[in-house]
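Asks: Please read through the structure below; I'll follow up with questions.
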Amino acid sequence: MFIENCIEIISKYHASLLLGVRTTLLVALTGTCFGLILGLLVGGFRAVRLDHTASDAARFIKKFFDIVANAYITIFRGTPMMVQAVFIYYALLNIIHWTPTVAAVFVISVNTGAYMAEIIRSGIQAVDIGQTEAARSLGMSNAQTMLGVILPQAVKNAFPAIGNEFIVNIKDSSVLMIVSITELMFQAKSIAGSTFHFTETYFIEAVIYLILTSIASLILNYIEKRMNSDSMFSLPMSDTDPKSIGYIKKKLEAK
């Protein structure tokens, strides 16, 4: 009976389930990408260390940014995404007049950005200081050093955690049904309410989530292996290594 009910639900409501899967992937992938960009900006600036030549204005800006970034990270890492979604959606609804999908992408983006900022910051700090010293000794600016030398290695170091955030977002997008976005959880709840087959419907939903996260894991593992085998992400970690200095010289010439 259980199997028959599952087959009947899939046969009758497959279009709704596919719409939920599409919306879930759209929100999770878009939100993760925007969150990564936000995390790169916040985490990169937080990882910058001013030297003794920095002006008072630069020190003030850095201090102010650190305070704002710390508050942002603390708030969005310390409160549930469901609470964030409800508050942000209804607080800005009369101002922006946005759709639930746009609001969901925004919520996931700012929530993921808080986690990504710490991931990127730790990835930058994991890069050997010799890379920075070698780049600076060859005349590269702070921006050139960060964008051309440090960040590629930091992203490689942090990629497993970045990929994990995408998988988490696939699952956590289910809480966004609270703002009426038609993702997988919303569709499953509607189907269960129509058929009264709650166990079968949520079993199908769980299997779909498992399939989505498993496929995402396989893709991310493949990308990680390619990154580990790519020489541009596998630099020697010494400022005296000829290969390291040669790479940095090429990056400087390209600039």
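Ordering of the structure tokens sets the chain letters (A, B, ...), residue numbers begin anew at 1 in every chain, and ligands are numbered from 1 in the order given.
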Excluding Val27 in chain A and any residue of its chain fewer than 5 positions from it, enumerate the residues within 9 Å of it, using only C-alpha atoms, and give them as a PDB file with N, CA and C atoms, in the first residue's frame.

Replies:
```
ATOM      1  N   ARG A  22      13.000  22.560  -9.238  1.00  0.00           N
ATOM      2  CA  ARG A  22      13.588  23.656 -10.020  1.00  0.00           C
ATOM      3  C   ARG A  22      13.728  24.919  -9.176  1.00  0.00           C
ATOM      4  N   THR A  32      23.770  30.884  -3.163  1.00  0.00           N
ATOM      5  CA  THR A  32      25.146  30.511  -2.827  1.00  0.00           C
ATOM      6  C   THR A  32      26.151  31.335  -3.618  1.00  0.00           C
ATOM      7  N   THR A 101      10.169  34.770  -4.437  1.00  0.00           N
ATOM      8  CA  THR A 101      11.399  34.164  -4.964  1.00  0.00           C
ATOM      9  C   THR A 101      12.579  35.114  -4.822  1.00  0.00           C
ATOM     10  N   VAL A 102      12.383  36.368  -5.180  1.00  0.00           N
ATOM     11  CA  VAL A 102      13.461  37.358  -5.046  1.00  0.00           C
ATOM     12  C   VAL A 102      13.841  37.520  -3.581  1.00  0.00           C
ATOM     13  N   ALA A 104      13.527  35.290  -1.242  1.00  0.00           N
ATOM     14  CA  ALA A 104      14.206  34.067  -0.806  1.00  0.00           C
ATOM     15  C   ALA A 104      15.669  34.071  -1.229  1.00  0.00           C
ATOM     16  N   VAL A 105      15.939  34.491  -2.476  1.00  0.00           N
ATOM     17  CA  VAL A 105      17.325  34.567  -2.946  1.00  0.00           C
ATOM     18  C   VAL A 105      18.113  35.572  -2.117  1.00  0.00           C
ATOM     19  N   ILE A 108      18.836  34.024   1.427  1.00  0.00           N
ATOM     20  CA  ILE A 108      19.891  33.009   1.373  1.00  0.00           C
ATOM     21  C   ILE A 108      21.239  33.661   1.081  1.00  0.00           C
ATOM     22  N   ASN A 169      22.418  24.808   1.702  1.00  0.00           N
ATOM     23  CA  ASN A 169      21.380  25.703   1.187  1.00  0.00           C
ATOM     24  C   ASN A 169      20.286  24.939   0.453  1.00  0.00           C
ATOM     25  N   ILE A 170      20.645  23.834  -0.205  1.00  0.00           N
ATOM     26  CA  ILE A 170      19.617  23.016  -0.854  1.00  0.00           C
ATOM     27  C   ILE A 170      18.611  22.529   0.174  1.00  0.00           C
ATOM     28  N   SER A 173      16.741  25.601   2.194  1.00  0.00           N
ATOM     29  CA  SER A 173      15.762  26.375   1.432  1.00  0.00           C
ATOM     30  C   SER A 173      14.337  25.961   1.786  1.00  0.00           C
ATOM     31  N   GLU A 183       8.964  26.219  -3.387  1.00  0.00           N
ATOM     32  CA  GLU A 183      10.053  25.245  -3.479  1.00  0.00           C
ATOM     33  C   GLU A 183       9.535  23.858  -3.098  1.00  0.00           C
TER      34      GLU A 183
END
```

Asks: Which residues in range 81-229 of chain A does DSSP call alpha helix (DSSP H)? List them as an mmCIF file with N, CA and C atoms, in the first residue's frame.

Replies:
```cif
data_model
loop_
_atom_site.group_PDB
_atom_site.id
_atom_site.type_symbol
_atom_site.label_atom_id
_atom_site.label_comp_id
_atom_site.auth_asym_id
_atom_site.auth_seq_id
_atom_site.Cartn_x
_atom_site.Cartn_y
_atom_site.Cartn_z
ATOM 1 N N MET A 81 17.520 31.075 9.913
ATOM 2 C CA MET A 81 17.184 31.610 8.600
ATOM 3 C C MET A 81 15.684 31.854 8.464
ATOM 4 N N MET A 82 14.871 31.021 9.104
ATOM 5 C CA MET A 82 13.425 31.215 9.024
ATOM 6 C C MET A 82 13.024 32.551 9.622
ATOM 7 N N VAL A 83 13.608 32.911 10.757
ATOM 8 C CA VAL A 83 13.316 34.197 11.392
ATOM 9 C C VAL A 83 13.795 35.333 10.499
ATOM 10 N N GLN A 84 14.980 35.189 9.916
ATOM 11 C CA GLN A 84 15.503 36.205 9.008
ATOM 12 C C GLN A 84 14.584 36.390 7.808
ATOM 13 N N ALA A 85 14.084 35.272 7.264
ATOM 14 C CA ALA A 85 13.229 35.337 6.080
ATOM 15 C C ALA A 85 11.937 36.083 6.374
ATOM 16 N N VAL A 86 11.303 35.744 7.474
ATOM 17 C CA VAL A 86 10.030 36.399 7.826
ATOM 18 C C VAL A 86 10.245 37.886 8.084
ATOM 19 N N PHE A 87 11.270 38.212 8.861
ATOM 20 C CA PHE A 87 11.505 39.615 9.207
ATOM 21 C C PHE A 87 11.860 40.442 7.967
ATOM 22 N N ILE A 88 12.836 39.958 7.182
ATOM 23 C CA ILE A 88 13.288 40.726 6.017
ATOM 24 C C ILE A 88 12.189 40.842 4.963
ATOM 25 N N TYR A 89 11.478 39.747 4.725
ATOM 26 C CA TYR A 89 10.445 39.762 3.683
ATOM 27 C C TYR A 89 9.352 40.773 3.998
ATOM 28 N N TYR A 90 8.812 40.708 5.196
ATOM 29 C CA TYR A 90 7.694 41.588 5.534
ATOM 30 C C TYR A 90 8.158 43.005 5.874
ATOM 31 N N ALA A 91 9.390 43.158 6.345
ATOM 32 C CA ALA A 91 9.897 44.491 6.661
ATOM 33 C C ALA A 91 10.105 45.323 5.398
ATOM 34 N N LEU A 92 10.501 44.658 4.309
ATOM 35 C CA LEU A 92 10.795 45.373 3.064
ATOM 36 C C LEU A 92 9.716 45.225 2.004
ATOM 37 N N LEU A 93 8.669 44.463 2.304
ATOM 38 C CA LEU A 93 7.648 44.184 1.291
ATOM 39 C C LEU A 93 6.978 45.452 0.782
ATOM 40 N N ASN A 94 6.623 46.366 1.681
ATOM 41 C CA ASN A 94 5.935 47.593 1.266
ATOM 42 C C ASN A 94 6.881 48.619 0.661
ATOM 43 N N ILE A 95 8.187 48.374 0.784
ATOM 44 C CA ILE A 95 9.176 49.301 0.221
ATOM 45 C C ILE A 95 9.645 48.831 -1.148
ATOM 46 N N ILE A 96 9.991 47.546 -1.234
ATOM 47 C CA ILE A 96 10.537 46.999 -2.473
ATOM 48 C C ILE A 96 9.457 46.356 -3.340
ATOM 49 N N PRO A 100 8.161 36.592 -3.609
ATOM 50 C CA PRO A 100 8.750 35.651 -2.649
ATOM 51 C C PRO A 100 10.058 35.032 -3.133
ATOM 52 N N THR A 101 10.169 34.770 -4.437
ATOM 53 C CA THR A 101 11.399 34.164 -4.964
ATOM 54 C C THR A 101 12.579 35.114 -4.822
ATOM 55 N N VAL A 102 12.383 36.368 -5.180
ATOM 56 C CA VAL A 102 13.461 37.358 -5.046
ATOM 57 C C VAL A 102 13.841 37.520 -3.581
ATOM 58 N N ALA A 103 12.847 37.569 -2.714
ATOM 59 C CA ALA A 103 13.122 37.691 -1.284
ATOM 60 C C ALA A 103 13.888 36.477 -0.768
ATOM 61 N N ALA A 104 13.527 35.290 -1.242
ATOM 62 C CA ALA A 104 14.206 34.067 -0.806
ATOM 63 C C ALA A 104 15.669 34.071 -1.229
ATOM 64 N N VAL A 105 15.939 34.491 -2.476
ATOM 65 C CA VAL A 105 17.325 34.567 -2.946
ATOM 66 C C VAL A 105 18.113 35.572 -2.117
ATOM 67 N N PHE A 106 17.496 36.698 -1.801
ATOM 68 C CA PHE A 106 18.173 37.716 -0.999
ATOM 69 C C PHE A 106 18.501 37.188 0.396
ATOM 70 N N VAL A 107 17.541 36.512 1.014
ATOM 71 C CA VAL A 107 17.751 35.993 2.369
ATOM 72 C C VAL A 107 18.873 34.957 2.375
ATOM 73 N N ILE A 108 18.836 34.024 1.427
ATOM 74 C CA ILE A 108 19.891 33.009 1.373
ATOM 75 C C ILE A 108 21.239 33.661 1.081
ATOM 76 N N SER A 109 21.260 34.677 0.236
ATOM 77 C CA SER A 109 22.517 35.340 -0.127
ATOM 78 C C SER A 109 23.166 35.998 1.087
ATOM 79 N N VAL A 110 22.395 36.791 1.837
ATOM 80 C CA VAL A 110 22.983 37.491 2.982
ATOM 81 C C VAL A 110 23.306 36.516 4.112
ATOM 82 N N ASN A 111 22.495 35.460 4.247
ATOM 83 C CA ASN A 111 22.784 34.455 5.272
ATOM 84 C C ASN A 111 24.048 33.684 4.918
ATOM 85 N N THR A 112 24.148 33.262 3.669
ATOM 86 C CA THR A 112 25.335 32.521 3.221
ATOM 87 C C THR A 112 26.569 33.409 3.240
ATOM 88 N N GLY A 113 26.399 34.688 2.906
ATOM 89 C CA GLY A 113 27.531 35.608 2.897
ATOM 90 C C GLY A 113 28.213 35.696 4.242
ATOM 91 N N ALA A 114 27.444 35.613 5.326
ATOM 92 C CA ALA A 114 28.029 35.680 6.666
ATOM 93 C C ALA A 114 28.932 34.475 6.919
ATOM 94 N N TYR A 115 28.480 33.301 6.492
ATOM 95 C CA TYR A 115 29.297 32.096 6.657
ATOM 96 C C TYR A 115 30.484 32.095 5.694
ATOM 97 N N MET A 116 30.235 32.536 4.459
ATOM 98 C CA MET A 116 31.301 32.569 3.465
ATOM 99 C C MET A 116 32.414 33.519 3.867
ATOM 100 N N ALA A 117 32.054 34.625 4.513
ATOM 101 C CA ALA A 117 33.063 35.593 4.930
ATOM 102 C C ALA A 117 34.082 34.945 5.861
ATOM 103 N N GLU A 118 33.606 34.145 6.805
ATOM 104 C CA GLU A 118 34.510 33.456 7.722
ATOM 105 C C GLU A 118 35.280 32.346 7.014
ATOM 106 N N ILE A 119 34.627 31.678 6.074
ATOM 107 C CA ILE A 119 35.304 30.622 5.311
ATOM 108 C C ILE A 119 36.442 31.199 4.488
ATOM 109 N N ILE A 120 36.166 32.308 3.793
ATOM 110 C CA ILE A 120 37.181 32.940 2.954
ATOM 111 C C ILE A 120 38.303 33.515 3.813
ATOM 112 N N ARG A 121 37.943 34.128 4.921
ATOM 113 C CA ARG A 121 38.967 34.694 5.808
ATOM 114 C C ARG A 121 39.925 33.602 6.301
ATOM 115 N N SER A 122 39.373 32.469 6.695
ATOM 116 C CA SER A 122 40.232 31.371 7.154
ATOM 117 C C SER A 122 41.052 30.804 6.006
ATOM 118 N N GLY A 123 40.468 30.782 4.785
ATOM 119 C CA GLY A 123 41.217 30.314 3.622
ATOM 120 C C GLY A 123 42.377 31.231 3.296
ATOM 121 N N ILE A 124 42.168 32.542 3.424
ATOM 122 C CA ILE A 124 43.245 33.511 3.178
ATOM 123 C C ILE A 124 44.340 33.356 4.225
ATOM 124 N N GLN A 125 43.957 33.198 5.461
ATOM 125 C CA GLN A 125 44.941 33.062 6.531
ATOM 126 C C GLN A 125 45.726 31.761 6.424
ATOM 127 N N ILE A 129 52.467 33.082 4.466
ATOM 128 C CA ILE A 129 52.834 34.496 4.390
ATOM 129 C C ILE A 129 53.923 34.738 3.368
ATOM 130 N N GLY A 130 54.682 33.676 3.044
ATOM 131 C CA GLY A 130 55.735 33.812 2.039
ATOM 132 C C GLY A 130 55.208 34.196 0.676
ATOM 133 N N GLN A 131 53.960 33.794 0.356
ATOM 134 C CA GLN A 131 53.366 34.170 -0.926
ATOM 135 C C GLN A 131 53.202 35.691 -1.012
ATOM 136 N N THR A 132 52.714 36.286 0.066
ATOM 137 C CA THR A 132 52.546 37.738 0.095
ATOM 138 C C THR A 132 53.891 38.442 0.033
ATOM 139 N N GLU A 133 54.860 37.954 0.784
ATOM 140 C CA GLU A 133 56.183 38.574 0.804
ATOM 141 C C GLU A 133 56.845 38.498 -0.562
ATOM 142 N N ALA A 134 56.691 37.357 -1.241
ATOM 143 C CA ALA A 134 57.281 37.212 -2.568
ATOM 144 C C ALA A 134 56.637 38.169 -3.560
ATOM 145 N N ALA A 135 55.301 38.274 -3.498
ATOM 146 C CA ALA A 135 54.599 39.174 -4.414
ATOM 147 C C ALA A 135 54.975 40.623 -4.154
ATOM 148 N N ARG A 136 55.048 41.015 -2.890
ATOM 149 C CA ARG A 136 55.389 42.392 -2.551
ATOM 150 C C ARG A 136 56.832 42.717 -2.924
ATOM 151 N N SER A 137 57.711 41.732 -2.788
ATOM 152 C CA SER A 137 59.116 41.965 -3.133
ATOM 153 C C SER A 137 59.308 42.151 -4.627
ATOM 154 N N ASN A 142 49.024 45.725 -3.144
ATOM 155 C CA ASN A 142 48.192 44.906 -2.254
ATOM 156 C C ASN A 142 47.029 44.278 -3.010
ATOM 157 N N ALA A 143 46.398 45.063 -3.900
ATOM 158 C CA ALA A 143 45.268 44.545 -4.663
ATOM 159 C C ALA A 143 45.715 43.435 -5.608
ATOM 160 N N GLN A 144 46.838 43.637 -6.318
ATOM 161 C CA GLN A 144 47.349 42.609 -7.217
ATOM 162 C C GLN A 144 47.718 41.340 -6.457
ATOM 163 N N THR A 145 48.324 41.512 -5.304
ATOM 164 C CA THR A 145 48.702 40.345 -4.489
ATOM 165 C C THR A 145 47.484 39.563 -4.045
ATOM 166 N N LEU A 151 43.948 35.081 -3.301
ATOM 167 C CA LEU A 151 42.571 34.591 -3.412
ATOM 168 C C LEU A 151 42.442 33.258 -4.156
ATOM 169 N N PRO A 152 43.162 33.053 -5.289
ATOM 170 C CA PRO A 152 43.045 31.731 -5.934
ATOM 171 C C PRO A 152 43.392 30.587 -5.002
ATOM 172 N N GLN A 153 44.439 30.759 -4.195
ATOM 173 C CA GLN A 153 44.814 29.714 -3.256
ATOM 174 C C GLN A 153 43.832 29.626 -2.097
ATOM 175 N N ALA A 154 43.311 30.776 -1.664
ATOM 176 C CA ALA A 154 42.343 30.775 -0.559
ATOM 177 C C ALA A 154 41.059 30.054 -0.960
ATOM 178 N N VAL A 155 40.592 30.296 -2.192
ATOM 179 C CA VAL A 155 39.386 29.624 -2.674
ATOM 180 C C VAL A 155 39.613 28.121 -2.765
ATOM 181 N N LYS A 156 40.808 27.740 -3.219
ATOM 182 C CA LYS A 156 41.139 26.311 -3.279
ATOM 183 C C LYS A 156 41.149 25.698 -1.888
ATOM 184 N N ASN A 157 41.726 26.397 -0.928
ATOM 185 C CA ASN A 157 41.766 25.891 0.446
ATOM 186 C C ASN A 157 40.364 25.766 1.045
ATOM 187 N N ALA A 158 39.508 26.722 0.699
ATOM 188 C CA ALA A 158 38.185 26.787 1.322
ATOM 189 C C ALA A 158 37.102 26.100 0.496
ATOM 190 N N PHE A 159 37.447 25.541 -0.655
ATOM 191 C CA PHE A 159 36.418 25.010 -1.560
ATOM 192 C C PHE A 159 35.539 23.936 -0.922
ATOM 193 N N PRO A 160 36.099 22.988 -0.141
ATOM 194 C CA PRO A 160 35.212 21.998 0.500
ATOM 195 C C PRO A 160 34.140 22.645 1.364
ATOM 196 N N ALA A 161 34.507 23.679 2.125
ATOM 197 C CA ALA A 161 33.526 24.372 2.965
ATOM 198 C C ALA A 161 32.546 25.170 2.113
ATOM 199 N N ILE A 162 33.017 25.751 0.992
ATOM 200 C CA ILE A 162 32.128 26.479 0.091
ATOM 201 C C ILE A 162 31.098 25.536 -0.517
ATOM 202 N N GLY A 163 31.572 24.370 -0.962
ATOM 203 C CA GLY A 163 30.654 23.380 -1.511
ATOM 204 C C GLY A 163 29.657 22.890 -0.486
ATOM 205 N N ASN A 164 30.104 22.748 0.736
ATOM 206 C CA ASN A 164 29.205 22.309 1.801
ATOM 207 C C ASN A 164 28.097 23.324 2.040
ATOM 208 N N GLU A 165 28.413 24.615 1.892
ATOM 209 C CA GLU A 165 27.381 25.639 2.053
ATOM 210 C C GLU A 165 26.292 25.502 0.990
ATOM 211 N N PHE A 166 26.683 25.133 -0.231
ATOM 212 C CA PHE A 166 25.687 24.929 -1.288
ATOM 213 C C PHE A 166 24.764 23.771 -0.939
ATOM 214 N N ILE A 167 25.343 22.677 -0.447
ATOM 215 C CA ILE A 167 24.531 21.521 -0.056
ATOM 216 C C ILE A 167 23.600 21.885 1.098
ATOM 217 N N VAL A 168 24.124 22.632 2.056
ATOM 218 C CA VAL A 168 23.286 23.074 3.185
ATOM 219 C C VAL A 168 22.143 23.951 2.689
ATOM 220 N N ASN A 169 22.418 24.808 1.702
ATOM 221 C CA ASN A 169 21.380 25.703 1.187
ATOM 222 C C ASN A 169 20.286 24.939 0.453
ATOM 223 N N ILE A 170 20.645 23.834 -0.205
ATOM 224 C CA ILE A 170 19.617 23.016 -0.854
ATOM 225 C C ILE A 170 18.611 22.529 0.174
ATOM 226 N N LYS A 171 19.120 22.091 1.320
ATOM 227 C CA LYS A 171 18.228 21.585 2.384
ATOM 228 C C LYS A 171 17.548 22.716 3.135
ATOM 229 N N ASP A 172 18.307 23.756 3.467
ATOM 230 C CA ASP A 172 17.748 24.838 4.283
ATOM 231 C C ASP A 172 16.757 25.713 3.531
ATOM 232 N N LEU A 184 10.439 22.904 -2.956
ATOM 233 C CA LEU A 184 10.053 21.507 -2.799
ATOM 234 C C LEU A 184 9.217 21.267 -1.552
ATOM 235 N N MET A 185 9.576 21.871 -0.441
ATOM 236 C CA MET A 185 8.830 21.676 0.797
ATOM 237 C C MET A 185 7.416 22.233 0.675
ATOM 238 N N PHE A 186 7.276 23.372 0.045
ATOM 239 C CA PHE A 186 5.956 23.975 -0.167
ATOM 240 C C PHE A 186 5.075 23.058 -1.000
ATOM 241 N N GLN A 187 5.655 22.518 -2.071
ATOM 242 C CA GLN A 187 4.896 21.620 -2.939
ATOM 243 C C GLN A 187 4.511 20.343 -2.213
ATOM 244 N N ALA A 188 5.446 19.783 -1.428
ATOM 245 C CA ALA A 188 5.155 18.557 -0.685
ATOM 246 C C ALA A 188 4.033 18.789 0.330
ATOM 247 N N LYS A 189 4.068 19.924 0.996
ATOM 248 C CA LYS A 189 3.020 20.230 1.977
ATOM 249 C C LYS A 189 1.669 20.354 1.281
ATOM 250 N N SER A 190 1.637 20.968 0.110
ATOM 251 C CA SER A 190 0.384 21.114 -0.634
ATOM 252 C C SER A 190 -0.146 19.761 -1.080
ATOM 253 N N ILE A 191 0.769 18.903 -1.569
ATOM 254 C CA ILE A 191 0.361 17.565 -2.021
ATOM 255 C C ILE A 191 -0.147 16.731 -0.847
ATOM 256 N N ALA A 192 0.567 16.798 0.273
ATOM 257 C CA ALA A 192 0.141 16.036 1.454
ATOM 258 C C ALA A 192 -1.220 16.507 1.948
ATOM 259 N N GLY A 193 -1.474 17.808 1.873
ATOM 260 C CA GLY A 193 -2.762 18.332 2.294
ATOM 261 C C GLY A 193 -3.897 17.924 1.371
ATOM 262 N N SER A 194 -3.573 17.676 0.093
ATOM 263 C CA SER A 194 -4.606 17.274 -0.873
ATOM 264 C C SER A 194 -4.892 15.785 -0.822
ATOM 265 N N THR A 195 -3.863 14.982 -0.603
ATOM 266 C CA THR A 195 -4.021 13.527 -0.652
ATOM 267 C C THR A 195 -4.194 12.882 0.719
ATOM 268 N N PHE A 198 0.454 11.760 4.153
ATOM 269 C CA PHE A 198 1.568 12.553 4.659
ATOM 270 C C PHE A 198 2.875 11.763 4.669
ATOM 271 N N THR A 199 2.817 10.525 5.132
ATOM 272 C CA THR A 199 4.037 9.721 5.218
ATOM 273 C C THR A 199 4.644 9.492 3.844
ATOM 274 N N GLU A 200 3.827 9.110 2.895
ATOM 275 C CA GLU A 200 4.329 8.833 1.545
ATOM 276 C C GLU A 200 4.881 10.093 0.880
ATOM 277 N N THR A 201 4.153 11.209 1.048
ATOM 278 C CA THR A 201 4.582 12.453 0.397
ATOM 279 C C THR A 201 5.923 12.941 0.941
ATOM 280 N N TYR A 202 6.067 12.937 2.248
ATOM 281 C CA TYR A 202 7.307 13.428 2.831
ATOM 282 C C TYR A 202 8.457 12.437 2.655
ATOM 283 N N PHE A 203 8.120 11.152 2.479
ATOM 284 C CA PHE A 203 9.155 10.176 2.122
ATOM 285 C C PHE A 203 9.700 10.480 0.729
ATOM 286 N N ILE A 204 8.816 10.764 -0.211
ATOM 287 C CA ILE A 204 9.240 11.125 -1.569
ATOM 288 C C ILE A 204 10.088 12.397 -1.539
ATOM 289 N N GLU A 205 9.638 13.366 -0.751
ATOM 290 C CA GLU A 205 10.396 14.611 -0.628
ATOM 291 C C GLU A 205 11.805 14.350 -0.085
ATOM 292 N N ALA A 206 11.906 13.512 0.950
ATOM 293 C CA ALA A 206 13.212 13.200 1.536
ATOM 294 C C ALA A 206 14.127 12.526 0.515
ATOM 295 N N VAL A 207 13.556 11.607 -0.279
ATOM 296 C CA VAL A 207 14.355 10.923 -1.310
ATOM 297 C C VAL A 207 14.849 11.920 -2.348
ATOM 298 N N ILE A 208 13.994 12.858 -2.736
ATOM 299 C CA ILE A 208 14.397 13.870 -3.728
ATOM 300 C C ILE A 208 15.528 14.732 -3.178
ATOM 301 N N TYR A 209 15.401 15.174 -1.922
ATOM 302 C CA TYR A 209 16.481 15.957 -1.311
ATOM 303 C C TYR A 209 17.780 15.150 -1.275
ATOM 304 N N LEU A 210 17.687 13.866 -0.944
ATOM 305 C CA LEU A 210 18.873 13.013 -0.893
ATOM 306 C C LEU A 210 19.522 12.893 -2.268
ATOM 307 N N ILE A 211 18.699 12.757 -3.305
ATOM 308 C CA ILE A 211 19.232 12.670 -4.668
ATOM 309 C C ILE A 211 19.917 13.974 -5.055
ATOM 310 N N LEU A 212 19.281 15.108 -4.759
ATOM 311 C CA LEU A 212 19.852 16.411 -5.115
ATOM 312 C C LEU A 212 21.194 16.642 -4.419
ATOM 313 N N THR A 213 21.241 16.366 -3.125
ATOM 314 C CA THR A 213 22.486 16.595 -2.385
ATOM 315 C C THR A 213 23.577 15.611 -2.795
ATOM 316 N N SER A 214 23.195 14.384 -3.142
ATOM 317 C CA SER A 214 24.186 13.390 -3.581
ATOM 318 C C SER A 214 24.795 13.792 -4.919
ATOM 319 N N ILE A 215 23.953 14.234 -5.849
ATOM 320 C CA ILE A 215 24.467 14.695 -7.151
ATOM 321 C C ILE A 215 25.355 15.920 -6.966
ATOM 322 N N ALA A 216 24.922 16.848 -6.118
ATOM 323 C CA ALA A 216 25.733 18.041 -5.856
ATOM 324 C C ALA A 216 27.080 17.663 -5.259
ATOM 325 N N SER A 217 27.096 16.682 -4.360
ATOM 326 C CA SER A 217 28.350 16.236 -3.747
ATOM 327 C C SER A 217 29.291 15.644 -4.791
ATOM 328 N N LEU A 218 28.762 14.850 -5.710
ATOM 329 C CA LEU A 218 29.588 14.249 -6.758
ATOM 330 C C LEU A 218 30.197 15.333 -7.657
ATOM 331 N N ILE A 219 29.377 16.322 -8.024
ATOM 332 C CA ILE A 219 29.869 17.406 -8.883
ATOM 333 C C ILE A 219 30.940 18.218 -8.164
ATOM 334 N N LEU A 220 30.701 18.537 -6.906
ATOM 335 C CA LEU A 220 31.663 19.331 -6.130
ATOM 336 C C LEU A 220 32.962 18.559 -5.911
ATOM 337 N N ASN A 221 32.867 17.263 -5.682
ATOM 338 C CA ASN A 221 34.080 16.450 -5.518
ATOM 339 C C ASN A 221 34.894 16.423 -6.804
ATOM 340 N N TYR A 222 34.200 16.359 -7.938
ATOM 341 C CA TYR A 222 34.895 16.381 -9.231
ATOM 342 C C TYR A 222 35.614 17.714 -9.433
ATOM 343 N N ILE A 223 34.912 18.815 -9.133
ATOM 344 C CA ILE A 223 35.528 20.134 -9.282
ATOM 345 C C ILE A 223 36.727 20.274 -8.344
ATOM 346 N N GLU A 224 36.600 19.771 -7.124
ATOM 347 C CA GLU A 224 37.701 19.860 -6.164
ATOM 348 C C GLU A 224 38.924 19.096 -6.654
ATOM 349 N N LYS A 225 38.705 17.912 -7.232
ATOM 350 C CA LYS A 225 39.831 17.134 -7.764
ATOM 351 C C LYS A 225 40.508 17.864 -8.918
ATOM 352 N N ARG A 226 39.705 18.501 -9.775
ATOM 353 C CA ARG A 226 40.281 19.280 -10.873
ATOM 354 C C ARG A 226 41.081 20.460 -10.356
ATOM 355 N N MET A 227 40.573 21.109 -9.323
ATOM 356 C CA MET A 227 41.293 22.239 -8.740
ATOM 357 C C MET A 227 42.603 21.786 -8.110
ATOM 358 N N ASN A 228 42.598 20.633 -7.467
ATOM 359 C CA ASN A 228 43.810 20.129 -6.823
ATOM 360 C C ASN A 228 44.862 19.710 -7.842
ATOM 361 N N SER A 229 44.411 19.312 -9.037
ATOM 362 C CA SER A 229 45.357 18.895 -10.074
ATOM 363 C C SER A 229 45.801 20.046 -10.958
#
```

Asks: One decimal, in Å: what's the spacing between CA of Phe34 in chain A and CA of Asp128 in chain A?

Replies: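 Value for the CA of Phe34 in chain A-CA of Asp128 in chain A distance: 27.5 Å.
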